[in-house]
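Printed here is my_file_9.csv (CSV, C-alpha atoms):
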chain,number,residue,atom,x,y,z
A,1,MET,CA,30.4,6.4,-42.1
A,2,ASN,CA,29.5,4.7,-38.8
A,3,ILE,CA,29.5,1.0,-39.6
A,4,TYR,CA,27.8,0.2,-36.3
A,5,GLN,CA,24.7,2.3,-37.1
A,6,PRO,CA,21.9,0.4,-38.9
A,7,HIS,CA,20.6,2.1,-42.0
A,8,LEU,CA,17.1,1.8,-43.3
A,9,MET,CA,16.7,-0.3,-46.5
A,10,THR,CA,13.7,-0.7,-48.7
A,11,ILE,CA,13.0,-4.2,-50.1
A,12,ASN,CA,12.8,-3.6,-53.8
A,13,LYS,CA,12.2,-7.3,-54.8
A,14,VAL,CA,11.7,-10.6,-53.0
A,15,ILE,CA,12.7,-13.8,-54.9
A,16,GLN,CA,11.6,-17.2,-53.5
A,17,GLU,CA,14.6,-19.4,-54.2
A,18,THR,CA,13.3,-22.5,-52.4
A,19,PRO,CA,10.4,-23.0,-49.9
A,20,ASP,CA,12.6,-21.8,-47.0
A,21,ILE,CA,15.1,-19.6,-48.8
A,22,LYS,CA,14.6,-16.0,-50.1
A,23,THR,CA,16.7,-13.4,-51.8
A,24,PHE,CA,16.1,-9.7,-51.0
A,25,GLN,CA,17.1,-6.9,-53.3
A,26,LEU,CA,17.6,-3.9,-51.1
A,27,VAL,CA,18.1,-0.1,-51.7
A,28,PHE,CA,19.2,2.5,-49.1
A,29,GLN,CA,16.4,4.9,-48.2
A,30,ASP,CA,19.1,7.6,-47.7
A,31,GLU,CA,20.1,8.8,-51.1
A,32,ALA,CA,23.5,9.9,-49.8
A,33,MET,CA,24.2,6.4,-48.6
A,34,ARG,CA,23.3,5.0,-52.0
A,35,GLU,CA,26.1,7.2,-53.5
A,36,LYS,CA,28.9,6.6,-50.9
A,37,PHE,CA,28.3,3.0,-49.9
A,38,SER,CA,30.9,0.5,-51.0
A,39,PHE,CA,32.1,-3.0,-50.2
A,40,LYS,CA,34.2,-5.9,-51.6
A,41,ALA,CA,33.3,-9.4,-52.5
A,42,GLY,CA,33.4,-11.6,-49.5
A,43,GLN,CA,32.2,-9.1,-46.9
A,44,PHE,CA,29.1,-9.6,-44.8
A,45,ALA,CA,26.5,-7.4,-43.1
A,46,GLU,CA,23.9,-7.5,-40.3
A,47,TYR,CA,20.3,-7.6,-41.4
A,48,SER,CA,17.4,-6.8,-39.1
A,49,ALA,CA,13.7,-7.3,-39.0
A,50,PHE,CA,12.4,-4.8,-36.4
A,51,GLY,CA,11.3,-6.5,-33.3
A,52,SER,CA,13.1,-9.8,-34.1
A,53,GLY,CA,16.8,-8.9,-34.0
A,54,GLU,CA,19.7,-9.1,-36.4
A,55,SER,CA,21.2,-11.9,-38.5
A,56,THR,CA,24.5,-12.2,-40.3
A,57,PHE,CA,24.6,-13.0,-44.0
A,58,CYS,CA,27.1,-12.3,-46.7
A,59,ILE,CA,26.4,-9.6,-49.3
A,60,ALA,CA,25.5,-11.8,-52.2
A,61,SER,CA,25.6,-9.1,-54.9
A,62,SER,CA,28.7,-7.9,-56.7
A,63,PRO,CA,30.6,-4.7,-55.9
A,64,THR,CA,30.5,-4.0,-59.7
A,65,ARG,CA,26.7,-3.7,-59.5
A,66,MET,CA,25.8,-1.1,-56.9
A,67,GLU,CA,22.3,-0.4,-58.0
A,68,GLN,CA,21.1,-2.5,-55.1
A,69,ILE,CA,22.4,-4.8,-52.3
A,70,GLU,CA,21.3,-8.4,-52.2
A,71,CYS,CA,21.2,-11.0,-49.5
A,72,CYS,CA,20.0,-14.6,-49.5
A,73,PHE,CA,19.0,-16.4,-46.4
A,74,ARG,CA,17.2,-19.5,-45.0
A,75,ARG,CA,14.4,-19.3,-42.4
A,76,VAL,CA,15.8,-21.1,-39.4
A,77,GLY,CA,15.1,-18.9,-36.3
A,78,LYS,CA,13.3,-15.9,-34.8
A,79,ASN,CA,15.0,-13.2,-36.9
A,80,THR,CA,15.1,-15.0,-40.2
A,81,THR,CA,11.4,-15.9,-39.6
A,82,GLY,CA,10.8,-12.1,-39.1
A,83,LEU,CA,12.8,-11.3,-42.3
A,84,PHE,CA,11.0,-14.1,-44.2
A,85,SER,CA,7.6,-12.4,-43.4
A,86,LEU,CA,8.6,-9.1,-45.0
A,87,SER,CA,7.4,-8.1,-48.4
A,88,GLU,CA,8.4,-5.9,-51.3
A,89,GLY,CA,8.2,-2.3,-50.2
A,90,ASP,CA,8.8,-3.0,-46.6
A,91,THR,CA,11.6,-1.5,-44.5
A,92,MET,CA,14.4,-3.4,-42.7
A,93,GLY,CA,17.8,-2.6,-41.1
A,94,PHE,CA,21.3,-3.0,-42.5
A,95,ARG,CA,24.7,-2.7,-40.9
A,96,GLY,CA,28.1,-3.2,-42.5
A,97,PRO,CA,30.1,-4.1,-44.4
A,98,TYR,CA,32.3,-6.2,-42.2
A,99,GLY,CA,34.8,-9.0,-42.5
A,100,ASN,CA,37.6,-10.1,-44.8
A,101,VAL,CA,37.4,-10.1,-48.6
A,102,PHE,CA,38.4,-12.3,-51.5
A,103,PRO,CA,41.9,-11.3,-52.7
A,104,LEU,CA,40.8,-10.2,-56.2
A,105,GLU,CA,44.2,-9.0,-57.2
A,106,LYS,CA,45.8,-12.4,-56.5
A,107,LEU,CA,43.2,-14.1,-58.7
A,108,LYS,CA,43.9,-12.1,-61.8
A,109,GLY,CA,45.4,-14.1,-64.6
A,110,LYS,CA,44.4,-17.3,-62.9
A,111,HIS,CA,41.9,-20.0,-63.9
A,112,LEU,CA,39.2,-19.9,-61.3
A,113,ILE,CA,37.2,-22.9,-60.1
A,114,PHE,CA,34.2,-22.0,-57.9
A,115,ILE,CA,32.9,-25.0,-55.8
A,116,GLY,CA,29.8,-24.6,-53.7
A,117,GLY,CA,27.1,-26.6,-52.0
A,118,GLY,CA,23.5,-25.6,-51.0
A,119,ILE,CA,23.0,-22.3,-49.3
A,120,ALA,CA,26.8,-21.6,-49.7
A,121,LEU,CA,26.4,-20.3,-53.2
A,122,PRO,CA,25.5,-16.7,-52.2
A,123,PRO,CA,29.0,-15.7,-51.0
A,124,LEU,CA,30.5,-17.3,-54.2
A,125,ARG,CA,28.0,-15.5,-56.3
A,126,SER,CA,29.3,-12.1,-55.2
A,127,LEU,CA,32.8,-13.0,-56.5
A,128,ILE,CA,31.5,-14.8,-59.6
A,129,TRP,CA,29.7,-11.8,-60.9
A,130,ASN,CA,32.6,-9.6,-59.8
A,131,VAL,CA,35.1,-11.6,-62.0
A,132,LEU,CA,32.5,-12.0,-64.8
A,133,ASP,CA,32.1,-8.2,-65.0
A,134,LEU,CA,35.9,-8.0,-65.3
A,135,ARG,CA,36.1,-11.1,-67.6
A,136,ASP,CA,39.2,-10.2,-69.6
A,137,GLN,CA,41.4,-10.1,-66.4
A,138,PHE,CA,40.9,-13.8,-65.6
A,139,GLY,CA,41.5,-17.2,-67.3
A,140,ASP,CA,39.0,-20.0,-67.5
A,141,ILE,CA,36.1,-19.8,-65.1
A,142,SER,CA,34.3,-23.0,-63.9
A,143,ILE,CA,31.4,-23.2,-61.5
A,144,VAL,CA,30.7,-26.5,-59.7
A,145,TYR,CA,27.5,-26.3,-57.6
A,146,GLY,CA,25.3,-28.9,-56.0
A,147,ALA,CA,22.5,-29.3,-53.5
A,148,ARG,CA,20.6,-32.2,-51.9
A,149,THR,CA,17.6,-31.9,-54.3
A,150,VAL,CA,16.7,-29.9,-57.4
A,151,GLU,CA,14.3,-27.9,-55.2
A,152,ASP,CA,17.2,-27.0,-52.9
A,153,LEU,CA,19.2,-25.3,-55.6
A,154,VAL,CA,19.4,-21.5,-55.2
A,155,TYR,CA,19.8,-19.0,-58.1
A,156,LYS,CA,18.3,-21.4,-60.6
A,157,ARG,CA,17.8,-18.6,-63.1
A,158,GLU,CA,21.4,-17.6,-62.9
A,159,ILE,CA,22.6,-21.2,-63.2
A,160,GLU,CA,20.8,-21.2,-66.5
A,161,GLU,CA,22.5,-17.9,-67.5
A,162,TRP,CA,25.9,-19.3,-66.6
A,163,GLU,CA,25.2,-22.4,-68.6
A,164,GLU,CA,24.6,-20.3,-71.7
A,165,MET,CA,27.8,-18.3,-71.4
A,166,SER,CA,30.4,-19.6,-73.9
A,167,ASP,CA,33.3,-18.6,-71.6
A,168,VAL,CA,32.0,-20.3,-68.4
A,169,THR,CA,31.9,-24.0,-67.6
A,170,MET,CA,28.9,-24.7,-65.4
A,171,VAL,CA,28.6,-28.0,-63.7
A,172,LYS,CA,25.5,-28.6,-61.6
A,173,THR,CA,24.6,-31.7,-59.5
A,174,VAL,CA,22.2,-33.0,-56.9
A,175,ASP,CA,22.6,-35.8,-54.4
A,176,PRO,CA,21.5,-39.3,-55.4
A,177,GLY,CA,17.7,-39.4,-55.1
A,178,GLY,CA,17.4,-35.7,-55.3
A,179,GLU,CA,16.9,-35.6,-59.1
A,180,THR,CA,13.6,-35.1,-61.0
A,181,PRO,CA,12.5,-36.6,-64.3
A,182,GLU,CA,13.3,-33.3,-66.0
A,183,TRP,CA,16.8,-32.9,-64.4
A,184,ASP,CA,19.5,-32.4,-67.0
A,185,GLY,CA,22.5,-32.1,-64.6
A,186,HIS,CA,24.7,-34.6,-62.8
A,187,VAL,CA,23.6,-36.9,-60.0
A,188,GLY,CA,26.2,-37.3,-57.3
A,189,PHE,CA,27.9,-35.5,-54.4
A,190,VAL,CA,29.9,-32.4,-55.3
A,191,PRO,CA,33.4,-34.0,-54.5
A,192,THR,CA,32.6,-37.1,-56.6
A,193,VAL,CA,31.4,-35.1,-59.6
A,194,LEU,CA,34.4,-32.8,-59.3
A,195,GLU,CA,36.8,-35.8,-59.4
A,196,LYS,CA,35.1,-38.2,-61.8
A,197,GLU,CA,33.1,-36.1,-64.2
A,198,PHE,CA,34.8,-32.7,-64.4
A,199,ALA,CA,38.4,-33.1,-63.1
A,200,PRO,CA,39.7,-29.6,-63.7
A,201,SER,CA,43.4,-29.1,-64.2
A,202,PRO,CA,45.2,-27.5,-61.2
A,203,GLU,CA,47.7,-25.7,-63.4
A,204,ASN,CA,47.6,-22.0,-62.9
A,205,ALA,CA,44.3,-22.5,-61.1
A,206,ILE,CA,42.7,-21.4,-57.9
A,207,ALA,CA,39.8,-23.1,-56.2
A,208,ILE,CA,37.3,-21.0,-54.2
A,209,VAL,CA,35.3,-23.4,-52.1
A,210,CYS,CA,32.3,-22.8,-49.8
A,211,GLY,CA,29.9,-25.3,-48.5
A,212,PRO,CA,29.1,-27.8,-45.7
A,213,PRO,CA,32.3,-29.0,-43.9
A,214,ILE,CA,31.9,-32.5,-45.1
A,215,MET,CA,31.8,-31.3,-48.7
A,216,ILE,CA,34.9,-29.2,-48.2
A,217,LYS,CA,36.8,-32.0,-46.5
A,218,PHE,CA,36.3,-34.5,-49.4
A,219,THR,CA,36.8,-31.8,-52.1
A,220,PHE,CA,40.3,-31.3,-50.9
A,221,GLU,CA,41.2,-34.9,-50.3

Write out the structure in this file as structure tokens.
Amino acid sequence: MNIYQPHLMTINKVIQETPDIKTFQLVFQDEAMREKFSFKAGQFAEYSAFGSGESTFCIASSPTRMEQIECCFRRVGKNTTGLFSLSEGDTMGFRGPYGNVFPLEKLKGKHLIFIGGGIALPPLRSLIWNVLDLRDQFGDISIVYGARTVEDLVYKREIEEWEEMSDVTMVKTVDPGGETPEWDGHVGFVPTVLEKEFAPSPENAIAIVCGPPIMIKFTFE
């Protein structure tokens, strides 16, 4: 397979995550590509809206679920605006996969703590579903995720699903002032909630962190 050649994808479903963030569920138009395409959690691809150019996003779906490829992106420039205007049934371009991967073999048998902020949840989501689909190969699984406001949280439907899982600890938070009257999660910055409210044990544990640089800095301090 020529990884530099764009392949045509059909948008099967569009999910409006926030006012400026969408998730696309994509399927290869070439049936042979559907059968032979593979990737690993952590890899990314180039996504194109014809006439607008290409943008780089992670592959947000899990390699254990190959029925479709998913990406999640924010509208911030020319190409993402072009992508944002596409609808279900439309065609777009896809190149990849590229990049490094999460070391899944090194994670086996460990307690996993996923820590994410804002739009940084999609790359973690790929690995989260990967390990959940291989659940008996890992220890405790905890997910700590936050955003500026309730509206800015992505994958709200899956957060609820993770909350309902008896073998997953789901901790959600929004920044002070970002809560709503109906909000049932924490209020506070991710590093603060991680330290004062959740405080996971580091024994036999690995943290997988993705988010704004300031969040990462204070998470590790």

Near-Thr64 in chain A list (8 Å; only C-alpha atoms; drop same-chain fewer than 5 positions) as a list in words: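 What passes the distance filter is Trp129, Asn130 and Asp133 of chain A.
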
Distance in Å - CA of Leu112 in chain A versus CA of Gly139 in chain A: 7.0 Å

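The closest residue to Pro122 in chain A, picked from A:Met92, A:Ile206, A:Ala60, A:Met165 and counting all atoms listed in the file, is A:Ala60.
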
Long-range neighbours of Phe44 in chain A as a list in words, 6 Å cut-off, only C-alpha atoms, 4 positions minimum in chain: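 Answer for this query is Phe57, Cys58, Ile59, Pro97 and Tyr98 of chain A.
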
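Pairwise distance (CA of Glu195 in chain A, CA of Gly146 in chain A) equals 13.8 Å.
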
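The shell of residues at most 12 Å from Ser85 in chain A, with all atoms listed in the file counted and near chain neighbours (fewer than 5 positions) removed, consists of A:Ile11, A:Val14, A:Gln16, A:Asp20, A:Ile21, A:Lys22, A:Phe24, A:Ala49, A:Phe50, A:Ser52, A:Arg75, A:Lys78, A:Asn79, A:Thr80, A:Asp90, A:Thr91, A:Met92.
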
Quick one: residues within 10 Å of Pro202 in chain A, all atoms listed in the file, excluding same-chain residues fewer than 3 positions away - as a short mmCIF file (atom, residue, chain, number, x, y, z; two decimals) with C-alpha atoms, in the coordinates of the input?
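This is the output file out-v6.cif:
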data_model
loop_
_atom_site.label_atom_id
_atom_site.label_comp_id
_atom_site.auth_asym_id
_atom_site.auth_seq_id
_atom_site.Cartn_x
_atom_site.Cartn_y
_atom_site.Cartn_z
CA HIS A 111 41.90 -20.00 -63.90
CA LEU A 112 39.20 -19.90 -61.30
CA ILE A 113 37.20 -22.90 -60.10
CA ALA A 199 38.40 -33.10 -63.10
CA ALA A 205 44.30 -22.50 -61.10
CA ILE A 206 42.70 -21.40 -57.90
CA ALA A 207 39.80 -23.10 -56.20
#

Straight-line distance linking CA of Phe28 in chain A with CA of Gln43 in chain A, stated in Å to one decimal: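 Taking CA of Phe28 in chain A as the start and CA of Gln43 in chain A as the end point, the length is 17.6 Å.
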
Option closest in space to Gly51 in chain A, from A:Leu83, A:Met9, A:Val187, A:Ile216 [counting only C-alpha atoms]: A:Leu83

Selection as an MDAnalysis selection string: residues within 9 Å of (16.8, -17.1, -56.5), counting all atoms listed in the file: chainID A and resid 14:18 21:23 72 153:158

Distance query 10 Å from (24.0, -33.7, -53.8) using all atoms listed in the file, result as a ChimeraX atom specification: /A:117-118,145-150,152-153,172-179,186-193,215

Residue with smallest distance to Leu26 in chain A - pool A:Gly93, A:Gly42, A:Pro212, A:Gly77, counting only C-alpha atoms: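 So, comparing all the options, the nearest one is A:Gly93.
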
Closest of A:Met33, A:Leu8, A:Val209, A:Ala41 to Gly99 in chain A - atom-to-atom distances counting only C-alpha atoms: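 When distances to Gly99 in chain A are compared using only C-alpha atoms, the smallest one comes from A:Ala41.
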
Any chance you could turn range 21-41 of chain A into a file with N, CA, C and O atoms, as a compact mmCIF listing (two decimals), in the first residue's frame?
# COMPACT_ATOMS: atom_id res chain seq x y z
N ILE A 21 -16.57 21.55 17.06
CA ILE A 21 -15.87 20.27 16.98
C ILE A 21 -16.82 19.20 16.45
O ILE A 21 -17.96 19.08 16.92
N LYS A 22 -16.34 18.44 15.47
CA LYS A 22 -17.13 17.34 14.91
C LYS A 22 -16.33 16.04 14.90
O LYS A 22 -15.10 16.06 14.85
N THR A 23 -17.05 14.94 14.95
CA THR A 23 -16.48 13.62 14.73
C THR A 23 -17.02 13.09 13.41
O THR A 23 -18.23 13.17 13.16
N PHE A 24 -16.12 12.56 12.56
CA PHE A 24 -16.51 11.89 11.33
C PHE A 24 -16.28 10.39 11.48
O PHE A 24 -15.22 9.97 11.95
N GLN A 25 -17.24 9.61 11.07
CA GLN A 25 -17.07 8.17 10.94
C GLN A 25 -16.95 7.88 9.45
O GLN A 25 -17.85 8.19 8.67
N LEU A 26 -15.81 7.30 9.06
CA LEU A 26 -15.43 7.17 7.65
C LEU A 26 -15.29 5.72 7.23
O LEU A 26 -14.84 4.87 8.02
N VAL A 27 -15.62 5.46 5.97
CA VAL A 27 -15.47 4.13 5.38
C VAL A 27 -14.77 4.26 4.04
O VAL A 27 -15.10 5.14 3.23
N PHE A 28 -13.78 3.41 3.78
CA PHE A 28 -13.10 3.40 2.48
C PHE A 28 -14.10 3.06 1.38
O PHE A 28 -14.88 2.12 1.50
N GLN A 29 -14.04 3.81 0.28
CA GLN A 29 -14.89 3.49 -0.86
C GLN A 29 -14.38 2.26 -1.60
O GLN A 29 -15.16 1.53 -2.21
N ASP A 30 -13.08 2.04 -1.55
CA ASP A 30 -12.46 0.86 -2.17
C ASP A 30 -12.62 -0.33 -1.21
O ASP A 30 -12.07 -0.33 -0.11
N GLU A 31 -13.36 -1.31 -1.62
CA GLU A 31 -13.63 -2.46 -0.74
C GLU A 31 -12.36 -3.20 -0.37
O GLU A 31 -12.24 -3.71 0.76
N ALA A 32 -11.40 -3.26 -1.28
CA ALA A 32 -10.13 -3.93 -0.98
C ALA A 32 -9.39 -3.21 0.14
O ALA A 32 -8.76 -3.84 1.00
N MET A 33 -9.45 -1.88 0.15
CA MET A 33 -8.81 -1.11 1.21
C MET A 33 -9.47 -1.37 2.56
O MET A 33 -8.80 -1.42 3.60
N ARG A 34 -10.78 -1.55 2.56
CA ARG A 34 -11.48 -1.86 3.82
C ARG A 34 -10.93 -3.14 4.43
O ARG A 34 -10.82 -3.28 5.64
N GLU A 35 -10.59 -4.09 3.55
CA GLU A 35 -10.14 -5.39 4.03
C GLU A 35 -8.69 -5.37 4.51
O GLU A 35 -8.35 -6.03 5.49
N LYS A 36 -7.82 -4.60 3.86
CA LYS A 36 -6.39 -4.70 4.17
C LYS A 36 -5.86 -3.58 5.05
O LYS A 36 -4.75 -3.67 5.57
N PHE A 37 -6.64 -2.50 5.24
CA PHE A 37 -6.13 -1.38 6.03
C PHE A 37 -5.98 -1.77 7.50
O PHE A 37 -6.82 -2.46 8.07
N SER A 38 -4.89 -1.31 8.09
CA SER A 38 -4.67 -1.54 9.52
C SER A 38 -3.87 -0.37 10.10
O SER A 38 -3.21 0.36 9.37
N PHE A 39 -3.96 -0.21 11.40
CA PHE A 39 -3.19 0.83 12.08
C PHE A 39 -3.09 0.42 13.54
O PHE A 39 -3.67 -0.58 13.98
N LYS A 40 -2.34 1.22 14.32
CA LYS A 40 -2.22 0.98 15.75
C LYS A 40 -2.58 2.24 16.51
O LYS A 40 -2.44 3.36 15.99
N ALA A 41 -3.05 2.05 17.74
CA ALA A 41 -3.46 3.20 18.56
C ALA A 41 -2.29 4.17 18.72
O ALA A 41 -1.17 3.77 19.05
